[in-house]
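Here is target.tsv, consisting of TSV, C-alpha atoms:
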chain	number	residue	atom	x	y	z
A	1	MET	CA	17.42	-36.43	150.31
A	2	GLY	CA	20.76	-38.19	150.19
A	3	ALA	CA	22.97	-38.39	147.17
A	4	PRO	CA	21.84	-41.06	144.72
A	5	LEU	CA	23.90	-44.21	144.79
A	6	GLY	CA	22.45	-45.74	141.66
A	7	PHE	CA	20.48	-48.99	141.49
A	8	LYS	CA	20.76	-52.00	143.81
A	9	THR	CA	18.92	-55.31	144.12
A	10	PHE	CA	18.45	-56.15	147.77
A	11	ALA	CA	18.58	-59.76	148.94
A	12	THR	CA	16.49	-61.43	151.60
A	13	GLY	CA	17.94	-60.66	155.02
A	14	ASP	CA	19.79	-57.52	153.98
A	15	VAL	CA	19.66	-54.78	156.61
A	16	LEU	CA	18.18	-51.62	155.17
A	17	THR	CA	20.06	-48.59	156.44
A	18	ALA	CA	19.18	-44.94	156.28
A	19	ALA	CA	21.85	-44.54	153.62
A	20	ASP	CA	20.28	-47.28	151.53
A	21	THR	CA	16.89	-45.63	151.86
A	22	ASN	CA	18.21	-42.24	150.87
A	23	GLY	CA	20.59	-43.44	148.21
A	24	TYR	CA	18.56	-46.14	146.51
A	25	LEU	CA	14.91	-46.26	147.54
A	26	MET	CA	14.19	-42.60	147.19
A	27	GLN	CA	15.52	-42.45	143.68
A	28	GLY	CA	12.54	-41.50	141.54
A	29	VAL	CA	12.11	-38.30	139.60
A	30	TRP	CA	13.47	-35.57	141.83
A	31	VAL	CA	11.77	-32.22	141.64
A	32	PHE	CA	13.77	-29.00	141.98
A	33	ALA	CA	13.04	-25.34	141.52
A	34	ASP	CA	15.81	-24.92	138.97
A	35	ALA	CA	19.16	-26.28	137.80
A	36	ALA	CA	21.07	-24.50	140.56
A	37	ALA	CA	18.97	-26.16	143.23
A	38	ARG	CA	19.51	-29.52	141.59
A	39	THR	CA	23.27	-28.98	141.46
A	40	ALA	CA	23.30	-28.10	145.14
A	41	ALA	CA	21.27	-31.14	146.15
A	42	VAL	CA	22.63	-33.77	143.78
A	43	THR	CA	26.36	-33.55	144.09
A	44	SER	CA	27.18	-36.90	142.48
A	45	PRO	CA	24.54	-37.76	139.92
A	46	GLN	CA	24.60	-41.27	138.57
A	47	GLU	CA	23.98	-42.21	134.99
A	48	GLY	CA	20.27	-42.92	134.59
A	49	ASN	CA	19.06	-40.58	137.33
A	50	TYR	CA	16.02	-38.43	136.58
A	51	SER	CA	15.02	-34.96	137.68
A	52	TYR	CA	12.32	-32.43	136.93
A	53	LEU	CA	12.85	-28.65	136.95
A	54	LYS	CA	9.95	-26.35	137.70
A	55	SER	CA	11.80	-23.47	136.03
A	56	ASP	CA	11.29	-24.88	132.55
A	57	ASP	CA	8.81	-27.70	133.20
A	58	LYS	CA	11.15	-30.28	131.70
A	59	THR	CA	12.27	-33.74	132.75
A	60	TYR	CA	15.99	-34.52	132.59
A	61	TYR	CA	18.10	-37.65	132.71
A	62	TYR	CA	21.74	-37.88	133.65
A	63	ASN	CA	23.77	-39.47	130.86
A	64	GLY	CA	26.93	-39.94	132.89
A	65	SER	CA	28.34	-36.52	132.21
A	66	ALA	CA	25.43	-34.08	131.93
A	67	TRP	CA	21.74	-33.59	132.58
A	68	THR	CA	19.86	-33.89	129.30
A	69	ALA	CA	16.28	-32.79	128.71
A	70	LEU	CA	13.73	-35.31	127.54
A	71	GLY	CA	11.11	-34.54	124.97
A	72	GLY	CA	13.18	-32.35	122.62
A	73	GLY	CA	12.69	-32.28	118.91
A	74	LYS	CA	8.96	-31.62	118.93
A	75	VAL	CA	7.50	-29.45	116.19
A	76	LEU	CA	6.11	-26.42	118.00
A	77	GLN	CA	4.76	-24.53	114.99
A	78	VAL	CA	4.86	-24.49	111.21
A	79	VAL	CA	4.77	-21.52	108.84
A	80	ASN	CA	4.42	-21.92	105.09
A	81	ALA	CA	4.72	-19.37	102.29
A	82	ILE	CA	4.10	-19.71	98.58
A	83	TYR	CA	5.43	-17.46	95.83
A	84	GLY	CA	4.27	-18.03	92.27
A	85	THR	CA	5.58	-15.11	90.23
A	86	GLU	CA	8.14	-15.94	87.57
A	87	THR	CA	11.24	-13.91	88.41
A	88	SER	CA	14.36	-13.53	86.29
A	89	THR	CA	17.77	-12.11	86.96
A	90	ALA	CA	20.56	-11.26	84.57
A	91	SER	CA	22.74	-9.79	87.27
A	92	SER	CA	25.61	-11.21	89.27
A	93	THR	CA	24.48	-9.06	92.19
A	94	TYR	CA	22.23	-10.93	94.60
A	95	ALA	CA	18.58	-9.83	94.59
A	96	ASP	CA	15.41	-10.99	96.33
A	97	THR	CA	13.55	-13.81	94.63
A	98	GLY	CA	10.33	-12.70	96.31
A	99	LEU	CA	10.06	-15.87	98.42
A	100	THR	CA	9.91	-14.94	102.10
A	101	ALA	CA	8.37	-16.23	105.33
A	102	THR	CA	8.27	-14.99	108.92
A	103	ILE	CA	8.18	-17.03	112.10
A	104	THR	CA	8.10	-15.97	115.75
A	105	PRO	CA	9.80	-18.71	117.81
A	106	SER	CA	8.06	-19.45	121.10
A	107	LEU	CA	11.39	-20.25	122.83
A	108	SER	CA	14.84	-18.77	122.28
A	109	THR	CA	16.31	-22.28	122.55
A	110	SER	CA	14.28	-23.54	119.60
A	111	LYS	CA	15.73	-24.37	116.23
A	112	VAL	CA	14.05	-23.43	112.96
A	113	LEU	CA	14.11	-25.94	110.14
A	114	ALA	CA	13.82	-24.07	106.84
A	115	LEU	CA	12.70	-26.08	103.80
A	116	VAL	CA	12.80	-24.29	100.45
A	117	THR	CA	11.75	-25.65	97.09
A	118	MET	CA	12.11	-23.43	94.03
A	119	PRO	CA	11.56	-24.26	90.34
A	120	PHE	CA	14.60	-23.12	88.39
A	121	TYR	CA	15.54	-22.67	84.77
A	122	LYS	CA	18.79	-21.56	83.18
A	123	ASP	CA	18.28	-19.74	79.90
A	124	ILE	CA	20.06	-20.53	76.64
A	125	SER	CA	23.27	-18.89	77.74
A	126	ASN	CA	26.40	-19.92	79.55
A	127	THR	CA	25.69	-19.17	83.18
A	128	ASN	CA	24.46	-20.81	86.36
A	129	GLY	CA	22.45	-19.81	89.37
A	130	GLU	CA	23.51	-18.99	92.89
A	131	PHE	CA	21.22	-18.85	95.91
A	132	LYS	CA	21.32	-17.57	99.47
A	133	LEU	CA	19.01	-18.32	102.36
A	134	ILE	CA	18.97	-15.26	104.57
A	135	ARG	CA	17.70	-14.81	108.13
A	136	THR	CA	16.89	-11.11	108.59
A	137	SER	CA	20.16	-9.84	107.06
A	138	THR	CA	22.45	-12.78	107.79
A	139	THR	CA	23.28	-15.35	105.12
A	140	ILE	CA	22.86	-18.80	106.65
A	141	ALA	CA	23.11	-21.03	103.56
A	142	THR	CA	24.51	-20.68	100.06
A	143	LEU	CA	24.13	-22.74	96.90
A	144	SER	CA	26.46	-22.19	93.94
A	145	ASN	CA	26.86	-23.40	90.36
A	146	ILE	CA	23.25	-24.52	90.08
A	147	ALA	CA	22.28	-25.75	86.61
A	148	TYR	CA	25.85	-25.42	85.37
A	149	ASN	CA	26.35	-27.24	82.09
A	150	GLY	CA	29.19	-25.21	80.63
A	151	ALA	CA	27.26	-24.48	77.49
A	152	ALA	CA	25.03	-21.87	75.94
A	153	THR	CA	22.01	-24.10	76.11
A	154	GLY	CA	18.94	-23.96	78.29
A	155	LEU	CA	18.76	-26.25	81.28
A	156	ASP	CA	15.51	-27.08	83.00
A	157	ILE	CA	16.54	-28.72	86.25
A	158	GLY	CA	13.15	-28.90	87.92
A	159	THR	CA	13.62	-27.51	91.40
A	160	VAL	CA	16.33	-26.21	93.66
A	161	SER	CA	16.03	-27.19	97.33
A	162	ILE	CA	17.53	-25.67	100.44
A	163	ASN	CA	17.17	-27.47	103.77
A	164	TYR	CA	18.76	-25.74	106.72
A	165	LEU	CA	18.49	-26.18	110.49
A	166	ASP	CA	18.93	-22.74	111.99
A	167	SER	CA	19.38	-21.57	115.57
A	168	PRO	CA	18.01	-18.01	115.57
A	169	ALA	CA	18.19	-17.70	119.41
A	170	THR	CA	15.31	-15.26	119.59
A	171	THR	CA	11.61	-15.01	120.35
A	172	SER	CA	11.15	-12.04	118.02
A	173	ALA	CA	9.49	-12.22	114.62
A	174	THR	CA	12.20	-13.49	112.28
A	175	THR	CA	12.05	-13.26	108.51
A	176	TYR	CA	13.71	-15.73	106.17
A	177	LYS	CA	14.10	-15.00	102.47
A	178	VAL	CA	15.84	-16.38	99.41
A	179	GLN	CA	18.05	-14.30	97.14
A	180	PHE	CA	19.54	-15.36	93.84
A	181	CYS	CA	21.83	-14.15	91.09
A	182	SER	CA	23.17	-15.21	87.72
A	183	GLN	CA	26.85	-16.08	87.87
A	184	ALA	CA	27.38	-14.51	84.43
A	185	ASN	CA	26.06	-10.99	84.50
A	186	SER	CA	24.79	-10.93	80.92
A	187	SER	CA	22.85	-14.18	81.05
A	188	ARG	CA	19.62	-14.85	82.81
A	189	VAL	CA	18.31	-17.47	85.16
A	190	ILE	CA	14.66	-17.81	86.08
A	191	ILE	CA	12.88	-19.04	89.17
A	192	ASN	CA	9.32	-20.34	89.30
A	193	ARG	CA	9.71	-21.69	85.80
A	194	ALA	CA	9.92	-25.36	84.92
A	195	GLY	CA	8.98	-27.25	81.79
A	196	GLY	CA	8.24	-23.97	80.06
A	197	GLN	CA	5.50	-23.19	82.55
A	198	THR	CA	5.18	-20.85	85.50
A	199	ASN	CA	5.46	-22.75	88.78
A	200	GLN	CA	5.40	-22.03	92.50
A	201	SER	CA	8.14	-21.79	95.11
A	202	SER	CA	7.51	-22.64	98.72
A	203	MET	CA	9.23	-22.05	102.02
A	204	THR	CA	8.28	-23.98	105.15
A	205	LEU	CA	9.62	-22.93	108.54
A	206	MET	CA	9.27	-25.42	111.40
A	207	GLU	CA	10.06	-24.43	114.97
A	208	ILE	CA	11.70	-27.43	116.64
A	209	GLY	CA	11.79	-27.52	120.43
A	210	ALA	CA	15.25	-27.95	121.98
B	1	MET	CA	4.43	-15.22	73.85
B	2	ALA	CA	7.30	-13.07	75.10
B	3	THR	CA	7.64	-12.31	78.80
B	4	GLY	CA	8.97	-9.19	80.48
B	5	SER	CA	12.18	-11.10	81.08
B	6	ASP	CA	12.48	-11.74	77.33
B	7	VAL	CA	11.99	-8.05	76.61
B	8	LEU	CA	14.73	-7.07	79.04
B	9	SER	CA	17.06	-9.71	77.62
B	10	MET	CA	16.50	-8.19	74.21
B	11	LEU	CA	16.80	-4.54	75.24
B	12	ILE	CA	19.59	-4.92	77.83
B	13	PRO	CA	21.73	-7.78	76.52
B	14	ASN	CA	24.54	-7.08	78.98
B	15	GLY	CA	22.22	-7.82	81.88
B	16	GLY	CA	22.26	-6.24	85.31
B	17	TRP	CA	18.52	-6.41	85.95
B	18	VAL	CA	15.93	-8.43	87.86
B	19	ILE	CA	12.27	-8.65	86.95
B	20	SER	CA	9.41	-10.17	88.91
B	21	GLY	CA	6.43	-10.87	86.68
B	22	ASP	CA	5.92	-8.95	83.45
B	23	ASP	CA	5.19	-5.43	84.67
B	24	PHE	CA	7.59	-2.51	84.51
B	25	SER	CA	7.00	-1.99	88.24
B	26	GLY	CA	8.57	-5.39	88.87
B	27	ILE	CA	11.92	-4.41	87.37
B	28	ASN	CA	14.99	-3.72	89.48
B	29	PHE	CA	17.81	-2.18	87.45
B	30	ILE	CA	20.63	-3.36	89.70
B	31	ASP	CA	23.77	-2.72	87.70
B	32	CYS	CA	22.61	-1.39	84.35
B	33	ASP	CA	21.18	1.81	82.94
B	34	PRO	CA	17.40	1.80	83.31
B	35	ILE	CA	15.14	1.92	80.29
B	36	SER	CA	11.87	3.81	80.07
B	37	GLU	CA	8.50	2.19	80.64
B	38	SER	CA	7.45	3.09	77.10
B	39	ASP	CA	10.52	1.38	75.63
B	40	PHE	CA	9.80	-1.65	77.80
B	41	LYS	CA	6.16	-1.87	76.67
B	42	ALA	CA	7.10	-1.35	73.02
B	43	GLY	CA	9.60	-4.17	73.34
B	44	PHE	CA	6.88	-6.82	73.67
B	45	ALA	CA	5.95	-6.33	70.00
B	46	LYS	CA	9.50	-7.15	68.91
B	47	ALA	CA	10.43	-9.75	71.51
B	48	ASP	CA	8.60	-12.69	69.93
B	49	LYS	CA	10.64	-12.38	66.75
B	50	TRP	CA	13.82	-11.82	68.80
B	51	LEU	CA	13.08	-14.99	70.76
B	52	ALA	CA	12.45	-16.99	67.61
B	53	ASP	CA	15.74	-15.69	66.21
B	54	GLN	CA	17.53	-16.76	69.38
B	55	VAL	CA	16.07	-20.25	69.17
B	56	LYS	CA	16.94	-20.49	65.48
B	57	ALA	CA	20.49	-19.24	66.09
B	58	ASN	CA	20.90	-21.80	68.83
B	59	ALA	CA	19.57	-24.59	66.62
B	60	ASP	CA	21.81	-23.46	63.75
B	61	ALA	CA	24.83	-23.52	66.03
B	62	LYS	CA	24.00	-27.06	67.08
B	63	SER	CA	23.52	-28.14	63.47
B	64	ALA	CA	26.86	-26.63	62.55
B	65	VAL	CA	28.60	-28.65	65.25
B	66	LEU	CA	26.88	-31.84	64.17
B	67	SER	CA	27.76	-31.12	60.55
B	68	LYS	CA	31.43	-30.79	61.47
B	69	LEU	CA	31.17	-34.15	63.17
B	70	GLY	CA	29.47	-35.63	60.15
B	71	LEU	CA	26.35	-36.50	62.10
B	72	THR	CA	22.67	-35.83	61.69
B	73	ALA	CA	20.55	-34.82	64.65
B	74	GLU	CA	18.95	-38.28	64.62
B	75	GLU	CA	22.33	-40.00	64.66
B	76	ALA	CA	23.47	-37.79	67.53
B	77	ALA	CA	20.32	-38.68	69.47
B	78	LEU	CA	21.02	-42.37	68.93
B	79	LEU	CA	24.59	-41.95	70.19
B	80	ILE	CA	23.40	-40.17	73.32
B	81	GLY	CA	20.86	-42.88	73.92

What is this file in structure tokens?
Amino acid sequence: MGAPLGFKTFATGDVLTAADTNGYLMQGVWVFADAAARTAAVTSPQEGNYSYLKSDDKTYYYNGSAWTALGGGKVLQVVNAIYGTETSTASSTYADTGLTATITPSLSTSKVLALVTMPFYKDISNTNGEFKLIRTSTTIATLSNIAYNGAATGLDIGTVSINYLDSPATTSATTYKVQFCSQANSSRVIINRAGGQTNQSSMTLMEIGA
Amino acid sequence: MATGSDVLSMLIPNGGWVISGDDFSGINFIDCDPISESDFKAGFAKADKWLADQVKANADAKSAVLSKLGLTAEEAALLIG
């Protein structure tokens, strides 16, 4: 197959050459074993060209500077965890909230969208809450000064949310968890409590295809 | 009714602990001296009064501030809207 020349509208009477056939008429979705084979065969890709790689069973288009896979962004799996035990801390040292979820990505190129919702209450003392979203042992997101009001009064803020798009780059089982602490060591903050009632936290992990 | 968290707040006012639920087994004494399970359980009988005292002290403190401002609680509520 000749190098693609792009798109051309032929007029009546034009002489169709071998180059025209190879460069224009044979431009469909080209199938290659892998990216290396494509690079060897298509030396001058044109914007809008399409190819299909057997190595990953994906269709690509050329955007003028790179081959880009079609069909990304699909939700490949969803994991959800609920934790409903009221948990308090009066320590400025981070500790587990108890909310945790584990996902095993099907592809190492996938992203994991973590969605956390956690009822939160600051007690009648001058402090505020801090949160960490942790993948295995790595902190990937931090929230600080939650429910800060600068006063020794309770503050019922409803829920704290953490939304984070992670790239774990693994196909191994991966655990996400939330830790929290009270900024002022002697004052407590409470999760899974809102409106004076015990409530539930949730963590949803969505594997998003690359 | 007092929770385990209330009991710890009463018995270890300087903090340093985490508690999940109301059982002694759910306590993590992170940066404080641990208390005994018996002290923890006995604390529930006193925690309700301690909590009520905390609420009253908080309310008294608010009233004192309003009094200095020459306002009643109702007038303050109207000002806040």

Could you work out how far atom CA of A:Phe120 lies from atom CA of A:Gln179, giving the answer in Å with one decimal?
12.9 Å

Residues of chain B near chain A: apply a cut-off of 9 Å, count all atoms listed in the file, and supply the list as a list in words.
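For chain B, the answer reads Ser5, Ser9, Ile12, Pro13, Asn14, Gly15, Gly16, Trp17, Val18, Ile19, Ser20, Gly21, Asp22, Gly26, Asn28, Ile30, Asp31, Cys32, Gln54, Val55 and Asn58 of chain B.
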
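Atom CA of A:Val178 lies 22.8 Å from atom CA of B:Asp6.
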
Point-to-point distance from atom CA of B:Leu66 to atom CA of A:Gly195, Å rounded to tenths:
25.5 Å

Determine, counting only C-alpha atoms, which protein, DNA and RNA residues have an atom within 12 Å of an atom of B:Ala76; residues of the same chain fewer than 6 positions away are not included. Present the result as a ChimeraX atom specification.
/B:62-63,65-67,69-70

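Neighbouring residues of stretch 29-42 of chain A at 6 Å or closer, counting only C-alpha atoms and skipping chain neighbours under 5 positions away, are Ala3, Tyr50, Ser51, Tyr52, Leu53, Lys54 and Ser55 of chain A.
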
Can you tell me, as a ChimeraX atom specification, what residues are no more than 10 Å from A:Pro119 when counting all atoms listed in the file, ignoring any on the same chain fewer than 6 positions away?
/A:84,86,156-161,190-195,197-202

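For the point (7.0, -16.3, 119.1) in file coordinates, the residues within 10 Å, using all atoms listed in the file, are Gln77, Ile103, Thr104, Pro105, Ser106, Leu107, Ser108, Thr170, Thr171, Ser172, Ala173, Thr174 and Glu207 of chain A.
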